[in-house]
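> Sharing coords20.csv (CSV, C-alpha atoms) below.
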```csv
chain,number,residue,atom,x,y,z
D,1,MET,CA,-1.2,3.2,20.1
D,2,LYS,CA,-0.6,-0.5,20.7
D,3,ALA,CA,1.9,-2.3,18.4
D,4,ASP,CA,-0.8,-4.7,17.3
D,5,GLU,CA,-3.5,-2.0,16.7
D,6,ILE,CA,-5.2,-2.1,13.3
D,7,VAL,CA,-5.0,1.2,11.4
D,8,ARG,CA,-6.0,2.3,7.9
D,9,LYS,CA,-4.0,4.7,5.7
D,10,HIS,CA,-4.7,6.4,2.4
D,11,ILE,CA,-1.4,6.8,0.6
D,12,TYR,CA,-0.2,8.5,-2.6
D,13,VAL,CA,3.1,6.9,-3.7
D,14,SER,CA,5.5,8.8,-6.0
D,15,GLY,CA,8.6,7.6,-7.9
D,16,ARG,CA,9.1,4.9,-10.4
D,17,VAL,CA,5.9,3.1,-9.5
D,18,GLN,CA,4.0,2.6,-12.8
D,19,GLY,CA,5.0,0.1,-15.4
D,20,VAL,CA,7.3,-1.8,-12.9
D,21,GLY,CA,4.8,-4.2,-11.3
D,22,PHE,CA,4.2,-2.1,-8.3
D,23,ARG,CA,0.4,-2.8,-8.0
D,24,TYR,CA,0.7,-6.6,-8.4
D,25,THR,CA,3.7,-6.8,-6.1
D,26,ALA,CA,1.9,-4.7,-3.5
D,27,CYS,CA,-1.2,-7.0,-3.8
D,28,TYR,CA,0.9,-10.2,-3.5
D,29,LEU,CA,2.8,-8.9,-0.5
D,30,ALA,CA,-0.3,-7.4,1.2
D,31,ARG,CA,-2.1,-10.7,0.9
D,32,GLU,CA,1.0,-12.6,2.3
D,33,LEU,CA,1.3,-10.1,5.2
D,34,GLY,CA,-2.5,-10.1,6.0
D,35,ILE,CA,-3.0,-6.5,5.0
D,36,THR,CA,-6.4,-5.5,3.4
D,37,GLY,CA,-7.2,-2.7,1.0
D,38,TRP,CA,-6.6,-1.8,-2.6
D,39,VAL,CA,-4.1,-0.1,-5.0
D,40,ARG,CA,-4.5,1.7,-8.3
D,41,ASN,CA,-2.5,3.8,-10.8
D,42,LEU,CA,-3.3,7.5,-11.2
D,43,TYR,CA,-3.1,9.5,-14.4
D,44,ASP,CA,-0.3,11.7,-12.9
D,45,GLY,CA,2.1,8.8,-12.6
D,46,ARG,CA,1.6,8.2,-8.9
D,47,VAL,CA,0.0,5.1,-7.3
D,48,GLU,CA,-2.9,5.5,-4.8
D,49,MET,CA,-3.6,2.9,-2.1
D,50,GLU,CA,-5.6,2.3,1.0
D,51,ILE,CA,-4.1,-0.3,3.3
D,52,GLN,CA,-5.3,-1.6,6.6
D,53,GLY,CA,-3.2,-3.6,9.1
D,54,THR,CA,-0.8,-3.0,11.9
D,55,GLU,CA,2.1,-0.4,11.6
D,56,GLU,CA,4.5,-3.3,11.6
D,57,GLN,CA,2.7,-5.0,8.7
D,58,MET,CA,2.7,-1.7,6.7
D,59,ASN,CA,6.3,-1.0,7.4
D,60,HIS,CA,7.2,-4.5,6.3
D,61,LEU,CA,5.2,-4.1,3.1
D,62,PHE,CA,7.0,-0.9,2.2
D,63,ARG,CA,10.4,-2.3,3.0
D,64,ARG,CA,9.8,-5.2,0.7
D,65,LEU,CA,8.3,-2.9,-2.1
D,66,GLN,CA,11.3,-0.6,-1.9
D,67,SER,CA,13.7,-3.6,-2.1
D,68,GLY,CA,12.1,-4.5,-5.5
D,69,ARG,CA,14.5,-4.4,-8.4
D,70,PHE,CA,12.5,-2.0,-10.6
D,71,ILE,CA,10.4,-0.1,-8.0
D,72,SER,CA,11.8,3.2,-6.7
D,73,ILE,CA,9.7,5.1,-4.1
D,74,THR,CA,10.7,8.7,-3.8
D,75,ASP,CA,7.7,10.1,-1.7
D,76,CYS,CA,4.6,9.0,0.2
D,77,GLU,CA,1.7,11.2,1.2
D,78,ILE,CA,0.1,9.4,4.1
D,79,LYS,CA,-3.2,10.2,5.8
D,80,ARG,CA,-4.7,8.0,8.6
D,81,ILE,CA,-8.3,7.3,8.0
D,82,PRO,CA,-11.0,5.3,9.8
D,83,VAL,CA,-10.7,1.5,9.9
D,84,VAL,CA,-13.4,-0.4,7.8
D,85,LYS,CA,-14.6,-3.9,7.7
D,86,GLU,CA,-13.2,-5.6,4.7
D,87,HIS,CA,-11.5,-8.8,3.5
D,88,GLY,CA,-8.7,-9.2,1.1
D,89,PHE,CA,-6.6,-6.9,-1.1
D,90,SER,CA,-7.3,-5.9,-4.7
D,91,VAL,CA,-5.9,-4.1,-7.6
D,92,ALA,CA,-8.5,-1.4,-8.6
D,93,ASP,CA,-9.0,0.1,-12.1
```
Please express the file's structure as structure tokens.

Amino acid sequence: MKADEIVRKHIYVSGRVQGVGFRYTACYLARELGITGWVRNLYDGRVEMEIQGTEEQMNHLFRRLQSGRFISITDCEIKRIPVVKEHGFSVAD
């Protein structure tokens, strides 16, 4: 895999990730980093996201999310999925 190869991942994020601005912080950072996809809360307290970009962009996104004052990520279930054509990043219902 090339360092600049675009990949897409489906991720379930666990920890203190609801009620702490995780989705809107993720959206802001993803847009700033050029990552596309979406993020939403789940009823079980996790956050679900699909993000598309380079590994470097994704690693940077999670480093910045983890450095947030209130956000605390304890686990991520990550599955690589096919890349799709899309633009932008959104907070889903």
> Which of these residues is nearest to Asp75 of chain D, using all atoms listed in the file: D:His87, D:Arg46, D:Arg40, D:Arg8?
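Distance minimum relative to Asp75 of chain D lands on D:Arg46.
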> Just the number, please: distance in Å from atom CA of Val39 of chain D to atom CA of Val91 of chain D, one decimal.
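Separation of atom CA of Val39 of chain D and atom CA of Val91 of chain D: 5.1 Å.
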> Near Cys27 of chain D, within 12 Å and counting all atoms listed in the file, which residues show up once chain neighbours fewer than 6 positions away are dropped, as JSON, numbers by chain?
{"D": [21, 33, 34, 35, 36, 37, 38, 39, 40, 49, 50, 51, 61, 62, 65, 88, 89, 90, 91, 92]}
> In Å to one decimal, how far is atom CA of Pro82 of chain D from atom CA of Arg16 of chain D?
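Going from atom CA of Arg16 of chain D over to atom CA of Pro82 of chain D, I get 28.5 Å.
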> Please indicate the distance in Å from atom CA of Lys85 of chain D to atom CA of Arg63 of chain D, rounded to one decimal place.
25.5 Å
> Nearest to Gly19 of chain D among D:Met58, D:Ile71, D:Val7, D:Ile81, with distances taken over all atoms listed in the file: which residue is it?
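Of D:Met58, D:Ile71, D:Val7, D:Ile81, the one nearest Gly19 of chain D is D:Ile71, counting all atoms listed in the file.
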> So which one's closest to Leu29 of chain D, D:Arg69, D:Val17, D:Ile78, D:Asn59? Using only C-alpha atoms, please.
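When distances to Leu29 of chain D are compared using only C-alpha atoms, the smallest one comes from D:Asn59.
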> Closest to His10 of chain D among D:Asp93, D:Gly53, D:Glu77, D:His60, using only C-alpha atoms?
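Selected residue with least distance to His10 of chain D: D:Glu77.
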